[in-house]
$ cat model_12.cif   # mmCIF, C-alpha atoms
data_input
loop_
_atom_site.group_PDB
_atom_site.id
_atom_site.type_symbol
_atom_site.label_atom_id
_atom_site.label_comp_id
_atom_site.auth_asym_id
_atom_site.auth_seq_id
_atom_site.Cartn_x
_atom_site.Cartn_y
_atom_site.Cartn_z
ATOM 1 C CA MET A 1 -172.883 149.112 130.922
ATOM 2 C CA HIS A 2 -170.101 151.437 132.023
ATOM 3 C CA ARG A 3 -167.779 149.970 134.643
ATOM 4 C CA ARG A 4 -168.504 152.853 137.024
ATOM 5 C CA PHE A 5 -171.900 151.306 137.846
ATOM 6 C CA LEU A 6 -170.261 148.262 139.448
ATOM 7 C CA GLU A 7 -169.858 150.299 142.634
ATOM 8 C CA PHE A 8 -173.632 150.254 143.083
ATOM 9 C CA LEU A 9 -174.155 146.529 142.456
ATOM 10 C CA ILE A 10 -174.163 143.592 144.867
ATOM 11 C CA CYS A 11 -174.901 139.897 144.467
ATOM 12 C CA PRO A 12 -178.620 139.156 144.870
ATOM 13 C CA ALA A 13 -177.833 135.509 145.653
ATOM 14 C CA CYS A 14 -175.922 136.131 148.867
ATOM 15 C CA GLY A 15 -176.692 139.795 149.501
ATOM 16 C CA GLU A 16 -173.187 140.401 150.794
ATOM 17 C CA ASP A 17 -171.474 143.765 150.393
ATOM 18 C CA ALA A 18 -168.816 142.188 148.200
ATOM 19 C CA PRO A 19 -167.796 143.451 144.757
ATOM 20 C CA LEU A 20 -169.110 142.028 141.526
ATOM 21 C CA ARG A 21 -166.186 141.631 139.150
ATOM 22 C CA ALA A 22 -166.431 141.765 135.361
ATOM 23 C CA ASP A 23 -164.385 139.364 133.270
ATOM 24 C CA GLU A 24 -164.281 141.848 130.382
ATOM 25 C CA ALA A 25 -161.648 144.553 130.344
ATOM 26 C CA GLY A 26 -162.298 148.182 129.450
ATOM 27 C CA ASP A 27 -164.726 150.815 130.641
ATOM 28 C CA ASP A 28 -167.730 149.429 128.763
ATOM 29 C CA ILE A 29 -168.905 145.967 129.832
ATOM 30 C CA VAL A 30 -170.691 144.542 126.791
ATOM 31 C CA SER A 31 -170.553 140.784 127.284
ATOM 32 C CA GLY A 32 -169.166 138.086 129.543
ATOM 33 C CA GLU A 33 -170.094 137.673 133.192
ATOM 34 C CA LEU A 34 -170.262 139.471 136.515
ATOM 35 C CA ARG A 35 -169.053 137.256 139.359
ATOM 36 C CA CYS A 36 -169.568 137.685 143.099
ATOM 37 C CA GLU A 37 -166.290 137.657 145.032
ATOM 38 C CA HIS A 38 -168.069 136.333 148.124
ATOM 39 C CA CYS A 39 -170.164 133.375 146.941
ATOM 40 C CA GLY A 40 -168.902 132.896 143.396
ATOM 41 C CA ALA A 41 -172.322 133.324 141.746
ATOM 42 C CA GLY A 42 -172.120 134.471 138.149
ATOM 43 C CA TYR A 43 -174.461 136.667 136.129
ATOM 44 C CA PRO A 44 -174.269 136.920 132.340
ATOM 45 C CA VAL A 45 -173.881 140.200 130.506
ATOM 46 C CA ARG A 46 -175.464 140.287 127.049
ATOM 47 C CA GLY A 47 -175.776 143.362 124.875
ATOM 48 C CA GLY A 48 -174.248 145.490 127.615
ATOM 49 C CA ILE A 49 -176.988 144.449 130.076
ATOM 50 C CA PRO A 50 -176.242 142.426 133.233
ATOM 51 C CA ARG A 51 -178.919 139.723 133.590
ATOM 52 C CA PHE A 52 -179.947 138.866 137.152
ATOM 53 C CA VAL A 53 -183.162 137.008 136.250
ATOM 54 C CA ARG A 54 -182.804 133.234 136.317
ATOM 55 C CA ASP A 55 -186.274 131.719 136.648
ATOM 56 C CA ASP A 56 -189.175 131.440 134.207
ATOM 57 C CA ARG A 57 -190.587 134.865 133.261
ATOM 58 C CA ARG A 58 -193.517 133.793 131.100
ATOM 59 C CA ASP A 59 -195.845 136.049 133.103
ATOM 60 C CA TYR A 60 -194.022 139.031 131.592
ATOM 61 C CA GLU A 61 -193.451 137.926 127.992
ATOM 62 C CA ASN A 62 -196.196 140.269 126.798
ATOM 63 C CA PHE A 63 -194.201 143.267 128.053
ATOM 64 C CA ALA A 64 -191.076 142.129 126.245
ATOM 65 C CA PHE A 65 -193.116 141.804 123.061
ATOM 66 C CA GLN A 66 -194.989 145.097 123.329
ATOM 67 C CA TRP A 67 -191.904 147.186 124.008
ATOM 68 C CA ARG A 68 -190.027 145.613 121.132
ATOM 69 C CA GLU A 69 -193.044 146.144 118.862
ATOM 70 C CA TRP A 70 -193.814 149.734 119.916
ATOM 71 C CA ARG A 71 -190.526 150.877 121.417
ATOM 72 C CA THR A 72 -190.554 154.397 119.978
ATOM 73 C CA VAL A 73 -194.241 155.247 120.393
ATOM 74 C CA GLN A 74 -194.031 156.964 123.793
ATOM 75 C CA ILE A 75 -190.514 158.422 123.485
ATOM 76 C CA ASP A 76 -190.853 162.201 123.303
ATOM 77 C CA ARG A 77 -187.740 162.998 121.286
ATOM 78 C CA LEU A 78 -188.531 160.297 118.729
ATOM 79 C CA GLY A 79 -192.200 161.234 118.385
ATOM 80 C CA HIS A 80 -191.628 165.018 118.481
ATOM 81 C CA HIS A 81 -193.933 165.677 121.426
ATOM 82 C CA ASP A 82 -193.546 166.285 125.175
ATOM 83 C CA LEU A 83 -196.284 164.051 126.612
ATOM 84 C CA SER A 84 -193.935 161.834 128.619
ATOM 85 C CA GLU A 85 -191.960 164.776 129.982
ATOM 86 C CA ARG A 86 -195.106 166.546 131.151
ATOM 87 C CA ARG A 87 -196.380 163.420 132.854
ATOM 88 C CA PHE A 88 -192.999 162.672 134.435
ATOM 89 C CA PHE A 89 -192.653 166.055 136.105
ATOM 90 C CA ALA A 90 -196.339 166.261 137.046
ATOM 91 C CA ASP A 91 -196.307 162.822 138.681
ATOM 92 C CA THR A 92 -192.909 163.036 140.404
ATOM 93 C CA ARG A 93 -193.235 166.703 141.423
ATOM 94 C CA TRP A 94 -189.505 166.933 140.748
ATOM 95 C CA THR A 95 -187.894 169.711 138.713
ATOM 96 C CA PRO A 96 -185.163 169.652 136.068
ATOM 97 C CA ASP A 97 -182.880 171.623 138.394
ATOM 98 C CA TRP A 98 -183.359 169.085 141.183
ATOM 99 C CA LEU A 99 -182.718 166.122 138.865
ATOM 100 C CA ARG A 100 -179.398 167.362 137.548
ATOM 101 C CA GLY A 101 -176.557 165.232 138.898
ATOM 102 C CA ARG A 102 -178.809 162.865 140.886
ATOM 103 C CA LEU A 103 -178.657 159.064 140.810
ATOM 104 C CA ILE A 104 -182.184 157.819 140.029
ATOM 105 C CA LEU A 105 -183.736 154.336 139.905
ATOM 106 C CA ASP A 106 -186.399 153.596 137.287
ATOM 107 C CA ALA A 107 -188.033 150.477 138.738
ATOM 108 C CA GLY A 108 -189.779 148.719 135.851
ATOM 109 C CA CYS A 109 -188.588 150.857 132.956
ATOM 110 C CA GLY A 110 -190.332 149.205 129.979
ATOM 111 C CA ALA A 111 -188.921 150.789 126.828
ATOM 112 C CA GLY A 112 -187.212 153.563 128.809
ATOM 113 C CA ARG A 113 -189.877 156.225 128.330
ATOM 114 C CA PHE A 114 -189.285 158.017 131.635
ATOM 115 C CA ALA A 115 -185.627 157.078 132.076
ATOM 116 C CA ASP A 116 -185.040 158.992 128.845
ATOM 117 C CA ILE A 117 -186.645 162.102 130.350
ATOM 118 C CA ALA A 118 -184.627 161.822 133.560
ATOM 119 C CA ALA A 119 -181.368 161.385 131.642
ATOM 120 C CA LEU A 120 -182.144 164.254 129.265
ATOM 121 C CA ASN A 121 -182.544 166.454 132.333
ATOM 122 C CA GLY A 122 -179.128 165.595 133.730
ATOM 123 C CA ALA A 123 -179.766 162.599 135.984
ATOM 124 C CA THR A 124 -177.706 159.432 136.105
ATOM 125 C CA VAL A 125 -180.177 156.563 135.803
ATOM 126 C CA ILE A 126 -180.212 152.871 136.601
ATOM 127 C CA ALA A 127 -183.145 151.435 134.649
ATOM 128 C CA CYS A 128 -184.315 147.928 135.500
ATOM 129 C CA ASP A 129 -186.976 145.623 134.149
ATOM 130 C CA ILE A 130 -187.709 141.971 134.833
ATOM 131 C CA SER A 131 -188.515 141.211 131.199
ATOM 132 C CA GLU A 132 -186.573 141.436 127.984
ATOM 133 C CA ALA A 133 -188.192 144.817 127.497
ATOM 134 C CA ILE A 134 -184.860 145.902 128.960
ATOM 135 C CA ASP A 135 -183.344 145.338 125.509
ATOM 136 C CA ALA A 136 -185.756 147.906 124.060
ATOM 137 C CA ALA A 137 -184.875 150.289 126.897
ATOM 138 C CA SER A 138 -181.178 149.842 126.215
ATOM 139 C CA GLU A 139 -181.721 150.789 122.581
ATOM 140 C CA THR A 140 -183.773 153.844 123.588
ATOM 141 C CA LEU A 141 -181.221 155.000 126.156
ATOM 142 C CA ARG A 142 -177.923 154.285 124.418
ATOM 143 C CA ASP A 143 -177.549 157.919 123.329
ATOM 144 C CA HIS A 144 -177.031 158.876 126.987
ATOM 145 C CA GLY A 145 -173.810 156.863 127.155
ATOM 146 C CA GLU A 146 -172.293 156.250 130.559
ATOM 147 C CA ARG A 147 -175.012 158.170 132.426
ATOM 148 C CA VAL A 148 -177.486 155.269 132.072
ATOM 149 C CA ALA A 149 -177.180 151.603 133.012
ATOM 150 C CA CYS A 150 -179.784 148.954 132.175
ATOM 151 C CA LEU A 151 -180.275 145.848 134.331
ATOM 152 C CA GLN A 152 -182.559 142.878 133.823
ATOM 153 C CA ALA A 153 -183.677 142.203 137.374
ATOM 154 C CA SER A 154 -186.730 141.720 139.572
ATOM 155 C CA ILE A 155 -187.865 144.485 141.924
ATOM 156 C CA TYR A 156 -188.136 141.727 144.534
ATOM 157 C CA ASP A 157 -184.447 140.886 144.176
ATOM 158 C CA LEU A 158 -182.576 143.981 143.038
ATOM 159 C CA PRO A 159 -178.781 143.591 142.807
ATOM 160 C CA ILE A 160 -178.186 147.079 144.222
ATOM 161 C CA ARG A 161 -176.621 148.371 147.427
ATOM 162 C CA PRO A 162 -179.173 149.714 149.923
ATOM 163 C CA GLY A 163 -179.176 153.489 150.295
ATOM 164 C CA ALA A 164 -177.807 154.117 146.801
ATOM 165 C CA PHE A 165 -180.352 156.440 145.190
ATOM 166 C CA ASP A 166 -181.203 160.130 145.348
ATOM 167 C CA GLY A 167 -184.692 159.291 144.056
ATOM 168 C CA ILE A 168 -186.812 156.347 142.948
ATOM 169 C CA TYR A 169 -189.895 156.196 140.775
ATOM 170 C CA CYS A 170 -192.018 153.213 139.791
ATOM 171 C CA PHE A 171 -194.603 154.006 137.113
ATOM 172 C CA GLY A 172 -197.168 151.678 135.541
ATOM 173 C CA VAL A 173 -195.690 148.592 137.204
ATOM 174 C CA ILE A 174 -197.247 147.922 140.595
ATOM 175 C CA GLN A 175 -200.631 146.728 139.295
ATOM 176 C CA HIS A 176 -198.945 144.169 137.030
ATOM 177 C CA THR A 177 -196.941 142.425 139.762
ATOM 178 C CA PRO A 178 -198.154 139.316 141.626
ATOM 179 C CA ASP A 179 -197.848 140.977 145.060
ATOM 180 C CA PRO A 180 -198.264 144.777 144.876
ATOM 181 C CA ALA A 181 -197.737 145.304 148.609
ATOM 182 C CA ARG A 182 -194.449 143.413 148.440
ATOM 183 C CA THR A 183 -193.472 145.397 145.346
ATOM 184 C CA MET A 184 -194.045 148.716 147.087
ATOM 185 C CA ALA A 185 -192.323 147.591 150.290
ATOM 186 C CA ALA A 186 -189.233 146.406 148.392
ATOM 187 C CA LEU A 187 -187.997 149.778 147.127
ATOM 188 C CA PRO A 188 -187.663 152.252 150.043
ATOM 189 C CA ARG A 189 -184.500 150.608 151.407
ATOM 190 C CA PHE A 190 -182.620 151.694 148.272
ATOM 191 C CA LEU A 191 -183.146 155.391 149.052
ATOM 192 C CA LYS A 192 -180.510 157.618 150.558
ATOM 193 C CA PRO A 193 -181.556 159.466 153.745
ATOM 194 C CA GLY A 194 -183.951 162.248 152.785
ATOM 195 C CA ALA A 195 -184.477 160.928 149.237
ATOM 196 C CA PRO A 196 -187.949 160.898 147.605
ATOM 197 C CA LEU A 197 -190.009 157.988 146.270
ATOM 198 C CA VAL A 198 -192.904 158.178 143.783
ATOM 199 C CA TYR A 199 -195.393 155.438 142.881
ATOM 200 C CA ASN A 200 -197.861 155.533 140.005
ATOM 201 C CA PHE A 201 -200.493 152.773 139.845
ATOM 202 C CA TYR A 202 -204.007 151.899 138.727
ATOM 203 C CA GLU A 203 -206.441 153.323 141.263
ATOM 204 C CA ARG A 204 -209.450 151.431 142.509
ATOM 205 C CA GLY A 205 -212.727 153.108 141.661
ATOM 206 C CA LEU A 206 -215.330 153.148 138.925
ATOM 207 C CA SER A 207 -213.137 151.933 136.083
ATOM 208 C CA PRO A 208 -214.060 148.226 136.325
ATOM 209 C CA ARG A 209 -217.739 149.225 136.208
ATOM 210 C CA LEU A 210 -217.336 151.681 133.364
ATOM 211 C CA GLN A 211 -215.173 149.248 131.386
ATOM 212 C CA ALA A 212 -217.326 146.161 131.687
ATOM 213 C CA VAL A 213 -216.355 144.809 128.262
ATOM 214 C CA LYS A 214 -212.648 145.191 129.000
ATOM 215 C CA TYR A 215 -212.885 143.283 132.255
ATOM 216 C CA ALA A 216 -215.105 140.611 130.759
ATOM 217 C CA LEU A 217 -212.490 140.053 128.049
ATOM 218 C CA ARG A 218 -209.704 140.064 130.638
ATOM 219 C CA LEU A 219 -211.180 136.921 132.142
ATOM 220 C CA ILE A 220 -209.792 135.224 129.023
ATOM 221 C CA THR A 221 -207.100 137.335 127.370
ATOM 222 C CA PRO A 222 -204.256 136.916 129.911
ATOM 223 C CA HIS A 223 -204.353 133.195 129.158
ATOM 224 C CA LEU A 224 -204.405 133.449 125.369
ATOM 225 C CA PRO A 225 -201.350 133.064 123.127
ATOM 226 C CA ARG A 226 -199.799 136.462 122.498
ATOM 227 C CA ARG A 227 -200.635 136.384 118.782
ATOM 228 C CA MET A 228 -204.337 135.986 119.619
ATOM 229 C CA THR A 229 -204.261 138.876 122.094
ATOM 230 C CA LEU A 230 -202.555 141.019 119.469
ATOM 231 C CA ALA A 231 -205.120 140.037 116.830
ATOM 232 C CA LEU A 232 -207.969 140.865 119.222
ATOM 233 C CA SER A 233 -206.390 144.226 120.072
ATOM 234 C CA ARG A 234 -205.956 145.081 116.393
ATOM 235 C CA ALA A 235 -209.558 144.141 115.648
ATOM 236 C CA LEU A 236 -210.961 146.194 118.532
ATOM 237 C CA VAL A 237 -208.843 149.253 117.727
ATOM 238 C CA GLY A 238 -209.700 148.986 114.034
ATOM 239 C CA LEU A 239 -213.390 148.924 114.919
ATOM 240 C CA PHE A 240 -213.570 151.553 117.663
ATOM 241 C CA PHE A 241 -210.699 153.959 116.960
ATOM 242 C CA PRO A 242 -212.592 156.121 114.402
ATOM 243 C CA MET A 243 -215.460 156.512 116.864
ATOM 244 C CA THR A 244 -213.268 157.355 119.872
ATOM 245 C CA ARG A 245 -211.277 159.864 117.814
ATOM 246 C CA LEU A 246 -214.486 161.598 116.777
ATOM 247 C CA LEU A 247 -215.874 161.614 120.317
ATOM 248 C CA SER A 248 -212.591 162.989 121.692
ATOM 249 C CA ARG A 249 -213.236 166.202 119.766
ATOM 250 C CA ILE A 250 -216.685 166.776 121.267
ATOM 251 C CA ARG A 251 -216.379 168.407 124.661
ATOM 252 C CA TYR A 252 -219.487 167.172 126.434
ATOM 253 C CA ILE A 253 -219.577 163.577 125.245
ATOM 254 C CA ARG A 254 -215.895 162.602 125.063
ATOM 255 C CA PHE A 255 -216.384 160.954 128.458
ATOM 256 C CA ALA A 256 -218.128 158.149 126.563
ATOM 257 C CA ASN A 257 -214.681 156.936 125.493
ATOM 258 C CA HIS A 258 -214.250 155.529 129.006
ATOM 259 C CA PHE A 259 -216.893 152.917 128.165
ATOM 260 C CA MET A 260 -215.082 151.699 125.051
ATOM 261 C CA PRO A 261 -213.176 148.379 125.013
ATOM 262 C CA ILE A 262 -209.993 150.107 123.780
ATOM 263 C CA ALA A 263 -207.511 152.404 125.529
ATOM 264 C CA ALA A 264 -208.400 155.426 123.415
ATOM 265 C CA THR A 265 -205.494 157.918 123.283
ATOM 266 C CA HIS A 266 -206.115 161.173 121.420
ATOM 267 C CA PRO A 267 -203.821 164.009 122.546
ATOM 268 C CA ALA A 268 -203.964 166.914 120.126
ATOM 269 C CA GLU A 269 -200.149 166.937 119.950
ATOM 270 C CA LEU A 270 -200.141 163.589 118.135
ATOM 271 C CA THR A 271 -200.905 162.878 114.506
ATOM 272 C CA ARG A 272 -203.696 160.478 113.646
ATOM 273 C CA GLU A 273 -201.169 157.718 112.986
ATOM 274 C CA GLN A 274 -199.446 158.348 116.324
ATOM 275 C CA GLN A 275 -202.792 158.258 118.127
ATOM 276 C CA TYR A 276 -203.628 154.961 116.429
ATOM 277 C CA ARG A 277 -200.310 153.326 117.363
ATOM 278 C CA TRP A 278 -200.471 154.624 120.945
ATOM 279 C CA THR A 279 -204.046 153.341 121.266
ATOM 280 C CA LEU A 280 -203.044 149.933 119.912
ATOM 281 C CA LEU A 281 -200.097 149.754 122.316
ATOM 282 C CA ASP A 282 -202.222 150.686 125.321
ATOM 283 C CA THR A 283 -205.029 148.342 124.290
ATOM 284 C CA PHE A 284 -202.601 145.433 124.058
ATOM 285 C CA ASP A 285 -201.282 146.561 127.452
ATOM 286 C CA TRP A 286 -204.838 146.284 128.802
ATOM 287 C CA TYR A 287 -205.420 142.736 127.635
ATOM 288 C CA GLY A 288 -202.000 141.097 127.768
ATOM 289 C CA PRO A 289 -200.765 141.289 131.385
ATOM 290 C CA ARG A 290 -201.318 138.309 133.643
ATOM 291 C CA HIS A 291 -201.939 140.577 136.650
ATOM 292 C CA GLU A 292 -203.999 143.751 137.047
ATOM 293 C CA GLN A 293 -204.441 144.588 140.699
ATOM 294 C CA ARG A 294 -205.757 148.077 141.393
ATOM 295 C CA GLN A 295 -204.778 149.934 144.545
ATOM 296 C CA ASP A 296 -206.438 152.364 146.931
ATOM 297 C CA HIS A 297 -204.032 155.302 147.279
ATOM 298 C CA ARG A 298 -204.986 155.688 150.943
ATOM 299 C CA LYS A 299 -203.845 152.121 151.628
ATOM 300 C CA VAL A 300 -200.659 152.771 149.683
ATOM 301 C CA MET A 301 -200.034 155.806 151.909
ATOM 302 C CA ALA A 302 -200.572 153.668 155.008
ATOM 303 C CA LEU A 303 -198.126 151.066 153.698
ATOM 304 C CA LEU A 304 -195.455 153.722 153.159
ATOM 305 C CA GLU A 305 -196.032 155.204 156.607
ATOM 306 C CA ASN A 306 -195.733 151.743 158.158
ATOM 307 C CA ALA A 307 -192.451 151.325 156.284
ATOM 308 C CA GLY A 308 -191.103 154.319 158.205
ATOM 309 C CA LEU A 309 -191.227 156.865 155.387
ATOM 310 C CA VAL A 310 -192.135 160.495 156.040
ATOM 311 C CA ASP A 311 -193.890 163.308 154.167
ATOM 312 C CA VAL A 312 -196.289 160.690 152.810
ATOM 313 C CA ALA A 313 -198.957 162.033 150.463
ATOM 314 C CA GLY A 314 -201.268 160.580 147.875
ATOM 315 C CA ALA A 315 -203.857 161.180 145.193
ATOM 316 C CA PRO A 316 -205.812 158.752 143.013
ATOM 317 C CA GLY A 317 -203.197 156.651 141.228
ATOM 318 C CA LEU A 318 -200.199 158.308 142.927
ATOM 319 C CA ALA A 319 -198.238 158.231 146.171
ATOM 320 C CA TRP A 320 -195.220 160.241 147.314
ATOM 321 C CA ALA A 321 -192.933 159.749 150.294
ATOM 322 C CA ARG A 322 -189.424 160.404 151.537
ATOM 323 C CA ARG A 323 -186.923 158.416 153.573
ATOM 324 C CA PRO A 324 -186.202 160.118 156.898
ATOM 325 C CA ASP A 325 -183.012 162.181 157.090
#

$ encode --input "model_12.cif" --output "structure tokens"
Amino acid sequence: MHRRFLEFLICPACGEDAPLRADEAGDDIVSGELRCEHCGAGYPVRGGIPRFVRDDRRDYENFAFQWREWRTVQIDRLGHHDLSERRFFADTRWTPDWLRGRLILDAGCGAGRFADIAALNGATVIACDISEAIDAASETLRDHGERVACLQASIYDLPIRPGAFDGIYCFGVIQHTPDPARTMAALPRFLKPGAPLVYNFYERGLSPRLQAVKYALRLITPHLPRRMTLALSRALVGLFFPMTRLLSRIRYIRFANHFMPIAATHPAELTREQQYRWTLLDTFDWYGPRHEQRQDHRKVMALLENAGLVDVAGAPGLAWARRPD
């Protein structure tokens, strides 16, 4: 992490607006410790990543595993496609011109899929994740140098000064947290006046009914050893992938893929091998997480309005808002 990012960090233990000091000299902080000048709490730095997570994170071990295993699968510039970029700009409603020069928070970054897009378009990004997926993100994002910092931290206890960011997005995270309402309520205070916030989440609706096999299996899979969940995912994808790939090419019956017990992913921009790996990743992501709590976007909008945000809008699986000026 570049030393310049210390100006945005505070101690999550005491919450005081006191500096965190690094015990390593130089512009790049690679190892050692960050120490709070107010309460004396220390936070290790390993691999250039400050670590603010102290308690047991077994609920999130599957994410650390999946992003180490499939780190490159969804990264546009490594896979020679633009699927993540298109989704990022469609979901945020931001533009490359707006992003340039902004300080952005990626809350729950995984392997850095969207942080990479933001950085490529000129933003300075702080990417955080509660799990050791942050190590995969750091590897993905290292080419951006001092414009990106990675932190291992909980959204519930971010070591960041309030009012720091020009924009915040949180994609694919909320449904996998133990308290989604608390997760969504935790982030707006880190926005600058007038800054936008974007949430992406699993929407409530017909999916649990259409995906009866998935949800029957999920009664068991979150409690299985990771190797068993991976073996199950491989077996299901090996069995159903040829069928879902065939159906995806047939206009009027491709909807049948929604009934399959795998997360079938068949964009035309991807090779067969890429589609297979993406499907395996997403299928493991279906069955591994301890939590999957779907949201009603109208209730998410109400939560954001109650938090004092303005220009609140929503659509299935998405919500947008802005901190008042």

$ axis_aligned_box --input "model_12.cif" --around "stretch 289-300 of chain A" --padding-each-side "5 Å" --output "JSON"
{"center_x": -203.5, "center_y": 147.0, "center_z": 141.5, "size_x": 15.8, "size_y": 27.4, "size_z": 30.2}

$ resolve_selection --input "model_12.cif" --expression "the PyMOL selection byres ((chain A and resi 155-166) around 6)" --output "list of chain:residue names"
A:Phe8, A:Leu9, A:Ile10, A:Cys11, A:Pro12, A:Arg102, A:Leu103, A:Ile104, A:Ser154, A:Gly167, A:Arg189, A:Phe190, A:Leu191, A:Lys192, A:Ala195

$ resolve_selection --input "model_12.cif" --expression "the PyMOL selection byres ((chain A and resi 223-238) around 12)" --output "count of residues only"
48

$ resolve_selection --input "model_12.cif" --expression "the PyMOL selection byres ((chain A and resi 132) around 10)" --output "list in words"
Arg51, Val53, Arg57, Tyr60, Glu61, Asn62, Phe63, Ala64, Phe65, Trp67, Arg68, Gly110, Ala111, Asp129, Ile130, Ser131, Ala133, Ile134, Asp135, Ala136, Ala137, Leu151, Gln152 and Ala153 of chain A

$ closest_atom_pairs --input "model_12.cif" --of "stretch 154-199 of chain A" --to "stretch 80-90 of chain A" --cutoff "12 Å" --atoms "only C-alpha atoms" --output "Markdown table"
| residue | atom | partner | partner_atom | distance |
| --- | --- | --- | --- | --- |
| A:Tyr169 | CA | A:Phe88 | CA | 9.6 |
| A:Cys170 | CA | A:Phe88 | CA | 10.9 |
| A:Phe171 | CA | A:Phe88 | CA | 9.2 |
| A:Gly172 | CA | A:Phe88 | CA | 11.8 |
| A:Val198 | CA | A:Phe88 | CA | 10.4 |
| A:Tyr199 | CA | A:Phe88 | CA | 11.4 |

$ write_last_selection --input "model_12.cif" --atoms "C-alpha atoms" --output "PDB file, in the frame of the given file"
ATOM      1  CA  TYR A 169    -189.895 156.196 140.775  1.00  0.00           C
ATOM      2  CA  CYS A 170    -192.018 153.213 139.791  1.00  0.00           C
ATOM      3  CA  PHE A 171    -194.603 154.006 137.113  1.00  0.00           C
ATOM      4  CA  GLY A 172    -197.168 151.678 135.541  1.00  0.00           C
ATOM      5  CA  VAL A 198    -192.904 158.178 143.783  1.00  0.00           C
ATOM      6  CA  TYR A 199    -195.393 155.438 142.881  1.00  0.00           C
TER       7      TYR A 199
END

$ closest_residue --input "model_12.cif" --among "A:Asn257, A:Ile250, A:Gly194, A:Gln175" --to "A:Leu210" --atoms "only C-alpha atoms"
A:Asn257

$ atom_distance --input "model_12.cif" --atom1 "atom CA of A:Arg182" --atom2 "atom CA of A:Tyr202"
16.1 Å

$ atom_distance --input "model_12.cif" --atom1 "atom CA of A:Ile49" --atom2 "atom CA of A:Ala149"
7.7 Å

$ residues_around --input "model_12.cif" --residues "A:Ile75" --least-positions-apart "2" --cutoff "8 Å" --atoms "only C-alpha atoms" --output "PyMOL selection string"
chain A and resi 71-73+77-79+84+112-113+116

$ closest_atom_pairs --input "model_12.cif" --of "stretch 74-172 of chain A" --to "stretch 297-315 of chain A" --cutoff "12 Å" --atoms "only C-alpha atoms" --output "JSON lines"
{"residue": "A:Asp91", "atom": "CA", "partner": "A:Ala315", "partner_atom": "CA", "distance": 10.1}
{"residue": "A:Thr92", "atom": "CA", "partner": "A:Gly314", "partner_atom": "CA", "distance": 11.5}
{"residue": "A:Arg93", "atom": "CA", "partner": "A:Ala313", "partner_atom": "CA", "distance": 11.7}

$ write_last_selection --input "model_12.cif" --atoms "C-alpha atoms" --output "mmCIF file, keeping the file's coordinate frame"
data_model
loop_
_atom_site.group_PDB
_atom_site.id
_atom_site.type_symbol
_atom_site.label_atom_id
_atom_site.label_comp_id
_atom_site.auth_asym_id
_atom_site.auth_seq_id
_atom_site.Cartn_x
_atom_site.Cartn_y
_atom_site.Cartn_z
ATOM 1 C CA ASP A 91 -196.307 162.822 138.681
ATOM 2 C CA THR A 92 -192.909 163.036 140.404
ATOM 3 C CA ARG A 93 -193.235 166.703 141.423
#

$ atom_distance --input "model_12.cif" --atom1 "atom CA of A:Pro316" --atom2 "atom CA of A:Asp76"
25.0 Å

$ closest_residue --input "model_12.cif" --among "A:Leu105, A:Arg147, A:Asp17, A:Leu34" --to "A:Arg4" --atoms "all atoms listed in the file"
A:Arg147

$ residues_around --input "model_12.cif" --residues "A:Ala212" --least-positions-apart "4" --cutoff "8 Å" --atoms "only C-alpha atoms" --output "count of residues only"
3

$ closest_residue --input "model_12.cif" --among "A:Tyr43, A:Trp94, A:Phe5, A:Tyr252" --to "A:Ile168" --atoms "all atoms listed in the file"
A:Trp94

$ closest_residue --input "model_12.cif" --among "A:Arg35, A:Arg249, A:Arg3, A:His144" --to "A:Gly48" --atoms "only C-alpha atoms"
A:Arg3

$ residues_around --input "model_12.cif" --residues "A:Thr177" --least-positions-apart "2" --cutoff "8 Å" --atoms "all atoms listed in the file" --output "list of chain:residue names"
A:Val173, A:Ile174, A:Gln175, A:Asp179, A:Pro180, A:Thr183, A:His291, A:Glu292, A:Gln293

$ residues_around --input "model_12.cif" --residues "A:Asp23" --least-positions-apart "4" --cutoff "10 Å" --atoms "only C-alpha atoms" --output "number ranges by chain"
A: 29, 31-35, 45

$ residues_around --input "model_12.cif" --residues "A:Asp106" --least-positions-apart "3" --cutoff "8 Å" --atoms "only C-alpha atoms" --output "MDAnalysis selection string"
chainID A and resid 109 114:115 125:128 168:170

$ write_last_selection --input "model_12.cif" --atoms "C-alpha atoms" --output "short mmCIF file (atom, residue, chain, number, x, y, z; two decimals), keeping the file's coordinate frame"
data_model
loop_
_atom_site.label_atom_id
_atom_site.label_comp_id
_atom_site.auth_asym_id
_atom_site.auth_seq_id
_atom_site.Cartn_x
_atom_site.Cartn_y
_atom_site.Cartn_z
CA CYS A 109 -188.59 150.86 132.96
CA PHE A 114 -189.28 158.02 131.64
CA ALA A 115 -185.63 157.08 132.08
CA VAL A 125 -180.18 156.56 135.80
CA ILE A 126 -180.21 152.87 136.60
CA ALA A 127 -183.14 151.44 134.65
CA CYS A 128 -184.32 147.93 135.50
CA ILE A 168 -186.81 156.35 142.95
CA TYR A 169 -189.90 156.20 140.78
CA CYS A 170 -192.02 153.21 139.79
#

$ closest_residue --input "model_12.cif" --among "A:Arg322, A:Arg46, A:Arg54, A:Arg294" --to "A:Pro196" --atoms "only C-alpha atoms"
A:Arg322

$ decode --input "model_12.cif" --residues "stretch 62-72 of chain A" --atoms "C-alpha atoms" --output "mmCIF file, in the first residue's frame"
data_model
loop_
_atom_site.group_PDB
_atom_site.id
_atom_site.type_symbol
_atom_site.label_atom_id
_atom_site.label_comp_id
_atom_site.auth_asym_id
_atom_site.auth_seq_id
_atom_site.Cartn_x
_atom_site.Cartn_y
_atom_site.Cartn_z
ATOM 1 C CA ASN A 62 -15.213 -20.170 0.686
ATOM 2 C CA PHE A 63 -14.728 -16.711 -0.844
ATOM 3 C CA ALA A 64 -11.016 -16.741 -0.097
ATOM 4 C CA PHE A 65 -10.772 -20.134 -1.780
ATOM 5 C CA GLN A 66 -12.867 -19.325 -4.844
ATOM 6 C CA TRP A 67 -11.051 -16.101 -5.651
ATOM 7 C CA ARG A 68 -7.669 -17.749 -5.309
ATOM 8 C CA GLU A 69 -8.853 -20.649 -7.483
ATOM 9 C CA TRP A 70 -10.554 -18.558 -10.191
ATOM 10 C CA ARG A 71 -8.927 -15.163 -9.756
ATOM 11 C CA THR A 72 -8.578 -14.335 -13.451
#
